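Note sheet for the following structure.
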Amino acid sequence: MKKIIQLSILGILIASCGGGGKNTVEGVLETKDITKIREKRNTLTEELKALEDQVKQLDDAIAELDDNSKLPLVSTLTVQPEEFNHFLELQGDVMTKQNVLIYPEMAGTLYRVYVKEGQKVSKGQVLASIDDGGLSSQLAQMRTQAELSRTTFERQKRLWEQNIGSEIQFLQAKTNYEAQQSAVKQLESQVGKSTIRAPFAGIIDDVIKDQGTVVSPGPGSEVFRIVNLSDMYIDVEVPEAHLPNVTIGKMVDVYFPVLGESVSTKVRQTSNFINPSNRSFNAEIPVPNNSGHIKPNLTAQVKINDYTNESAILIPQSVVSENAEGEQYVYIIAEENGEVVAKKSVIKPGKTQGDYLEVLEGIKAGSQVIVEGARSVRDGQTVKAIDSTITAKN
């Protein structure tokens with residue numbers, strides 16, 4: 001304002017000097033006499049300085065007489081009900097229930113390997129075969145004997161139905177046939193163990209034994225690792241204090257720091273057992289893996305929505321103060337006798353999320369909470385509000 005007044009006066013001064021006559025600026029310039037030009041400049045400079053001194057006196061008088069110029073400036077937040085979601089932040093590892101090592105069921109030489117690492121396989125697909133040591137030949141002979149015993153039994157049965165022959169002959173033929181059938185099935189089971197098949201659909205992650213290697217059942221003889229990446233989940237340990245709020249169906253935001261990817265999902269299962277060593281229970285969170293980027297044992301940051309208030313009053317945490325009694329309070333503005341004053345309001349805080357605090361009591365919808373300048377005002381002090389924000393998150 002001061003500069004505007006100065007410029008206005010200077011404009012008037014120059015305009016007044018620009019009229020007709022030899023003593024005007026134009027007249028002095030037309031003389032092209034440098035001495036006269038310097039004298040005119042000095043005269044104008046002295047007049048301008050005198051005017052600036054007068055303007056300063058006027059500003060000092062205005063500042064002393066205007067009470068509004070001494071009022072502290074504050075900005076306010078007009079609070080309105082809005083949805084508030086609180087999240088429990090945890091960390092877990094990606095897992096899959098279909099990540100297994102495949103072991104041979106019989107001893108022998110790994111005769112043939114039919115798959116390679118990274119290959120997709122279906123459930124029941126043949127992965128490798130083991131030399132059965134002649135069991136296949138024995139099975140073929142036993143099947144021939146079983147067929148003979150079946151024919152003998154069927155003929156003896158027809159004779160017995162015609163009352164020809166003795167009952168003991170019929171029973172012996174029947175027993176022999178059943179025994180041969182049982183022996184064939186048993187040997188088929190043994191021969192079947194020489195073929196290694198995929199227990200489920202997935203990807204061959206590792207071919208551990210090479211073709212020609214002698215293998216046998218038991219630890220240390222694993223042949224393949226097969227993984228199914230379509231059914232991935234995160235297992236997190238949740239403190240028991242959150243047991244009522246972390247339940248099946250709760251929304252979950254999952255972030256993978258290594259991949260820079262986020263997915264939204266829900267809690268699929270919670271355990272019914274509290275671990276006594278750390279007082280926590282497990283929650284299982286499924287993870288969609290359409291891209292195939294998510295791998296077992298990958299670290300994930302999990303945010304479980306454990307609380308929602310659809311009509312919450314939110315304020316920035318930075319505006320909240322605490323008194324000697326441990327009560328938390330904020331300043332709001334109110335009108336008293338035509339003036340805007342700051343009023344202290346003790347609040348009951350709820351949950352916090354990020355920079356925002358949920359207020360359960362002490363502030364109503366539509367209240368104007370002091371934001372900027374909240375630390376420099378006192379209860380009952382007259383203030384000047386310069387602007388207002390509608391909601392906490394805007």
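Quick note on naming: the chains in the structure tokens go A, B, ... in the order shown, residues restart at 1 in each chain, and ligands are numbered from 1 in order of appearance.
Once Gln180 (chain A) and its same-chain neighbours fewer than 6 positions away are set aside, Leu139, Gln141, Met142, Arg143, Thr144, Gln145, Ala146, Glu147, Leu148, Ser149, Arg150, Phe153, Ala173, Lys174, Gln186 and Leu187 of chain A remain within 12 Å of it when counting only C-alpha atoms.
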For the residues selected in the previous step, produce a file with N, CA and C atoms as an mmCIF file, in the first residue's frame.
data_model
loop_
_atom_site.group_PDB
_atom_site.id
_atom_site.type_symbol
_atom_site.label_atom_id
_atom_site.label_comp_id
_atom_site.auth_asym_id
_atom_site.auth_seq_id
_atom_site.Cartn_x
_atom_site.Cartn_y
_atom_site.Cartn_z
ATOM 1 N N LEU A 139 5.528 -108.753 -14.864
ATOM 2 C CA LEU A 139 4.128 -108.365 -14.903
ATOM 3 C C LEU A 139 3.433 -108.963 -16.126
ATOM 4 N N GLN A 141 4.246 -111.754 -17.672
ATOM 5 C CA GLN A 141 4.047 -113.189 -17.428
ATOM 6 C C GLN A 141 2.895 -113.432 -16.455
ATOM 7 N N MET A 142 2.817 -112.576 -15.460
ATOM 8 C CA MET A 142 1.775 -112.756 -14.449
ATOM 9 C C MET A 142 0.396 -112.467 -15.040
ATOM 10 N N ARG A 143 0.317 -111.544 -15.949
ATOM 11 C CA ARG A 143 -0.959 -111.256 -16.598
ATOM 12 C C ARG A 143 -1.411 -112.459 -17.454
ATOM 13 N N THR A 144 -0.425 -113.119 -18.099
ATOM 14 C CA THR A 144 -0.752 -114.322 -18.886
ATOM 15 C C THR A 144 -1.293 -115.413 -17.980
ATOM 16 N N GLN A 145 -0.652 -115.614 -16.822
ATOM 17 C CA GLN A 145 -1.111 -116.614 -15.868
ATOM 18 C C GLN A 145 -2.491 -116.253 -15.316
ATOM 19 N N ALA A 146 -2.708 -114.958 -15.100
ATOM 20 C CA ALA A 146 -4.002 -114.513 -14.590
ATOM 21 C C ALA A 146 -5.099 -114.761 -15.620
ATOM 22 N N GLU A 147 -4.769 -114.583 -16.893
ATOM 23 C CA GLU A 147 -5.754 -114.831 -17.940
ATOM 24 C C GLU A 147 -6.116 -116.322 -18.006
ATOM 25 N N LEU A 148 -5.103 -117.178 -17.832
ATOM 26 C CA LEU A 148 -5.353 -118.620 -17.823
ATOM 27 C C LEU A 148 -6.229 -119.016 -16.641
ATOM 28 N N SER A 149 -5.933 -118.462 -15.498
ATOM 29 C CA SER A 149 -6.725 -118.791 -14.307
ATOM 30 C C SER A 149 -8.161 -118.298 -14.466
ATOM 31 N N ARG A 150 -8.353 -117.155 -15.153
ATOM 32 C CA ARG A 150 -9.711 -116.647 -15.385
ATOM 33 C C ARG A 150 -10.504 -117.612 -16.284
ATOM 34 N N PHE A 153 -11.389 -120.741 -14.369
ATOM 35 C CA PHE A 153 -12.471 -120.462 -13.407
ATOM 36 C C PHE A 153 -13.822 -120.384 -14.112
ATOM 37 N N ALA A 173 -10.579 -123.287 -8.359
ATOM 38 C CA ALA A 173 -10.428 -122.452 -9.551
ATOM 39 C C ALA A 173 -10.716 -120.986 -9.233
ATOM 40 N N LYS A 174 -11.734 -120.770 -8.415
ATOM 41 C CA LYS A 174 -12.085 -119.397 -8.035
ATOM 42 C C LYS A 174 -10.991 -118.749 -7.196
ATOM 43 N N GLN A 186 -0.838 -106.007 -7.430
ATOM 44 C CA GLN A 186 0.302 -105.660 -6.578
ATOM 45 C C GLN A 186 1.541 -105.365 -7.410
ATOM 46 N N LEU A 187 1.772 -106.181 -8.420
ATOM 47 C CA LEU A 187 2.942 -105.960 -9.268
ATOM 48 C C LEU A 187 2.759 -104.716 -10.141
#
Taking 3 positions as the minimum chain separation for residues in the same chain, which residues sit within 6 Å of region 317-333 of chain A when counting only C-alpha atoms? Answer as a ChimeraX atom specification.
/A:341-347,355-357,368-371
request  = Would you list the contacts of Val227 (chain A) as an MDAnalysis selection string, taking every protein, DNA or RNA residue within 6 Å and counting only C-alpha atoms, but skipping same-chain residues closer than 2 positions in sequence?
outcome  = chainID A and resid 98:99 202:203
- Would you list, as a PyMOL selection string, the residues of region 52-203 of chain A that end up in helix (DSSP H, G or I) under DSSP run on this structure's backbone? chain A and resi 52-65+67-70+135-161+167-192
With C-alpha atoms retained, export the selected residues as a PDB file, in the first residue's frame.
ATOM      1  CA  GLU A  52       8.202   9.937   1.433  1.00  0.00           C
ATOM      2  CA  ASP A  53       8.674  11.303   4.946  1.00  0.00           C
ATOM      3  CA  GLN A  54       5.063  12.452   4.974  1.00  0.00           C
ATOM      4  CA  VAL A  55       3.849   9.065   3.744  1.00  0.00           C
ATOM      5  CA  LYS A  56       5.794   7.334   6.544  1.00  0.00           C
ATOM      6  CA  GLN A  57       4.148   9.567   9.142  1.00  0.00           C
ATOM      7  CA  LEU A  58       0.736   8.663   7.732  1.00  0.00           C
ATOM      8  CA  ASP A  59       1.551   4.903   7.834  1.00  0.00           C
ATOM      9  CA  ASP A  60       2.670   5.101  11.467  1.00  0.00           C
ATOM     10  CA  ALA A  61      -0.550   6.868  12.423  1.00  0.00           C
ATOM     11  CA  ILE A  62      -2.669   4.241  10.611  1.00  0.00           C
ATOM     12  CA  ALA A  63      -0.834   1.364  12.310  1.00  0.00           C
ATOM     13  CA  GLU A  64      -1.348   2.970  15.747  1.00  0.00           C
ATOM     14  CA  LEU A  65      -5.044   3.692  15.285  1.00  0.00           C
ATOM     15  CA  ASP A  67      -6.702  -2.367  15.847  1.00  0.00           C
ATOM     16  CA  ASN A  68      -7.174  -4.910  13.045  1.00  0.00           C
ATOM     17  CA  SER A  69      -3.581  -4.568  11.931  1.00  0.00           C
ATOM     18  CA  LYS A  70      -2.422  -6.008  15.283  1.00  0.00           C
ATOM     19  CA  LEU A 135       9.471-106.040 -13.167  1.00  0.00           C
ATOM     20  CA  SER A 136       7.679-105.196 -16.417  1.00  0.00           C
ATOM     21  CA  SER A 137       8.567-108.647 -17.825  1.00  0.00           C
ATOM     22  CA  GLN A 138       7.366-110.319 -14.664  1.00  0.00           C
ATOM     23  CA  LEU A 139       4.128-108.365 -14.903  1.00  0.00           C
ATOM     24  CA  ALA A 140       3.562-109.527 -18.465  1.00  0.00           C
ATOM     25  CA  GLN A 141       4.047-113.189 -17.428  1.00  0.00           C
ATOM     26  CA  MET A 142       1.775-112.756 -14.449  1.00  0.00           C
ATOM     27  CA  ARG A 143      -0.959-111.256 -16.598  1.00  0.00           C
ATOM     28  CA  THR A 144      -0.752-114.322 -18.886  1.00  0.00           C
ATOM     29  CA  GLN A 145      -1.111-116.614 -15.868  1.00  0.00           C
ATOM     30  CA  ALA A 146      -4.002-114.513 -14.590  1.00  0.00           C
ATOM     31  CA  GLU A 147      -5.754-114.831 -17.940  1.00  0.00           C
ATOM     32  CA  LEU A 148      -5.353-118.620 -17.823  1.00  0.00           C
ATOM     33  CA  SER A 149      -6.725-118.791 -14.307  1.00  0.00           C
ATOM     34  CA  ARG A 150      -9.711-116.647 -15.385  1.00  0.00           C
ATOM     35  CA  THR A 151     -10.491-119.034 -18.272  1.00  0.00           C
ATOM     36  CA  THR A 152     -10.188-122.063 -15.979  1.00  0.00           C
ATOM     37  CA  PHE A 153     -12.471-120.462 -13.407  1.00  0.00           C
ATOM     38  CA  GLU A 154     -15.138-119.534 -15.971  1.00  0.00           C
ATOM     39  CA  ARG A 155     -15.205-123.105 -17.387  1.00  0.00           C
ATOM     40  CA  GLN A 156     -15.303-124.693 -13.952  1.00  0.00           C
ATOM     41  CA  LYS A 157     -18.120-122.335 -13.037  1.00  0.00           C
ATOM     42  CA  ARG A 158     -20.236-123.386 -16.036  1.00  0.00           C
ATOM     43  CA  LEU A 159     -19.673-127.050 -15.175  1.00  0.00           C
ATOM     44  CA  TRP A 160     -20.610-126.478 -11.566  1.00  0.00           C
ATOM     45  CA  GLU A 161     -23.811-124.717 -12.649  1.00  0.00           C
ATOM     46  CA  GLU A 167     -17.527-128.163  -5.437  1.00  0.00           C
ATOM     47  CA  ILE A 168     -13.900-128.252  -4.312  1.00  0.00           C
ATOM     48  CA  GLN A 169     -12.721-128.005  -7.928  1.00  0.00           C
ATOM     49  CA  PHE A 170     -14.916-124.939  -8.435  1.00  0.00           C
ATOM     50  CA  LEU A 171     -13.657-123.288  -5.243  1.00  0.00           C
ATOM     51  CA  GLN A 172     -10.014-124.016  -6.094  1.00  0.00           C
ATOM     52  CA  ALA A 173     -10.428-122.452  -9.551  1.00  0.00           C
ATOM     53  CA  LYS A 174     -12.085-119.397  -8.035  1.00  0.00           C
ATOM     54  CA  THR A 175      -9.430-118.971  -5.357  1.00  0.00           C
ATOM     55  CA  ASN A 176      -6.606-119.339  -7.874  1.00  0.00           C
ATOM     56  CA  TYR A 177      -8.187-116.721 -10.157  1.00  0.00           C
ATOM     57  CA  GLU A 178      -8.649-114.200  -7.324  1.00  0.00           C
ATOM     58  CA  ALA A 179      -5.086-114.772  -6.115  1.00  0.00           C
ATOM     59  CA  GLN A 180      -3.718-114.168  -9.613  1.00  0.00           C
ATOM     60  CA  GLN A 181      -5.748-110.946  -9.892  1.00  0.00           C
ATOM     61  CA  SER A 182      -4.412-109.690  -6.576  1.00  0.00           C
ATOM     62  CA  ALA A 183      -0.826-110.539  -7.559  1.00  0.00           C
ATOM     63  CA  VAL A 184      -1.199-108.665 -10.859  1.00  0.00           C
ATOM     64  CA  LYS A 185      -2.519-105.562  -9.104  1.00  0.00           C
ATOM     65  CA  GLN A 186       0.302-105.660  -6.578  1.00  0.00           C
ATOM     66  CA  LEU A 187       2.942-105.960  -9.268  1.00  0.00           C
ATOM     67  CA  GLU A 188       1.280-103.216 -11.323  1.00  0.00           C
ATOM     68  CA  SER A 189       1.586-100.957  -8.298  1.00  0.00           C
ATOM     69  CA  GLN A 190       5.279-101.791  -8.005  1.00  0.00           C
ATOM     70  CA  VAL A 191       5.896-101.162 -11.704  1.00  0.00           C
ATOM     71  CA  GLY A 192       3.925 -97.886 -11.476  1.00  0.00           C
TER      72      GLY A 192
END
Of A:Ser271, A:Asn85, A:Ser230, A:Ser122, the one nearest to Ser291 (chain A) when counting only C-alpha atoms is A:Ser230
Exercise. Can you list, as a PyMOL selection string, every residue of region 188-261 of chain A that DSSP puts in strand (DSSP E or B)?
Worked result: chain A and resi 195-197+202-207+214-215+224-227+232-239+251-256+261
Item to complete: Name all residues at most 8 Å from Ala128 (chain A) (count only C-alpha atoms; drop same-chain ones fewer than 3 positions away) and give them as a PyMOL selection string.
Response: chain A and resi 110-115+195-197
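Closest approach to Ile204 (chain A) from the set A:Gly118, A:Ile234, A:Ser277, A:Pro286 is made by A:Gly118, with distances taken over only C-alpha atoms.
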Within 12 Å of Arg38 (chain A) using only C-alpha atoms, minus same-chain residues under 6 positions, as a ChimeraX atom specification: /A:25,28-29,32,44-45
Find the residues around Arg268 (chain A) up to 6 Å (only C-alpha atoms counted), leave out those fewer than 4 positions away in its own chain, and share them as a PyMOL selection string. chain A and resi 248+284-285
Any chance you can output those residues with C-alpha atoms as a PDB file, in the first residue's frame?
ATOM      1  CA  ILE A 248     -12.062 -63.163   7.079  1.00  0.00           C
ATOM      2  CA  GLU A 284      -3.605 -65.947   5.271  1.00  0.00           C
ATOM      3  CA  ILE A 285      -3.950 -63.432   2.438  1.00  0.00           C
TER       4      ILE A 285
END
*asked:* Please list as a PyMOL selection string every residue within 10 Å of Val100 (chain A), counting only C-alpha atoms and excluding residues in the same chain fewer than 2 positions away.
replied: chain A and resi 96-98+102-103+199-200+205+222+224-228
Could you take the residues named above and write them with C-alpha atoms, as a PDB file, in the first residue's frame?
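To be explicit, this is the file written out as result_11.pdb:
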ATOM      1  CA  THR A  96       2.513 -71.309  -1.944  1.00  0.00           C
ATOM      2  CA  LYS A  97       1.094 -74.611  -0.790  1.00  0.00           C
ATOM      3  CA  GLN A  98       2.110 -76.162  -4.101  1.00  0.00           C
ATOM      4  CA  ILE A 102       9.426 -84.915  -5.834  1.00  0.00           C
ATOM      5  CA  TYR A 103      11.165 -88.079  -4.591  1.00  0.00           C
ATOM      6  CA  PRO A 199       1.339 -84.377  -8.435  1.00  0.00           C
ATOM      7  CA  PHE A 200      -0.317 -81.160  -9.669  1.00  0.00           C
ATOM      8  CA  ASP A 205      11.506 -75.171 -11.154  1.00  0.00           C
ATOM      9  CA  GLU A 222      14.813 -85.642  -4.662  1.00  0.00           C
ATOM     10  CA  PHE A 224      12.450 -82.468  -9.220  1.00  0.00           C
ATOM     11  CA  ARG A 225      11.076 -79.312  -7.630  1.00  0.00           C
ATOM     12  CA  ILE A 226       7.636 -78.366  -8.957  1.00  0.00           C
ATOM     13  CA  VAL A 227       5.940 -75.048  -8.171  1.00  0.00           C
ATOM     14  CA  ASN A 228       2.479 -73.718  -8.907  1.00  0.00           C
TER      15      ASN A 228
END
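Between CA of Val79 (chain A) and CA of Ala312 (chain A) lies a distance of 9.6 Å.
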Among A:Leu77, A:Leu101, A:Met95, A:Leu71, Gly218 (chain A) is approached most closely, using only C-alpha atoms, by A:Leu101
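What separates CA of Val302 (chain A) from CA of Val287 (chain A) is a distance of 11.1 Å.
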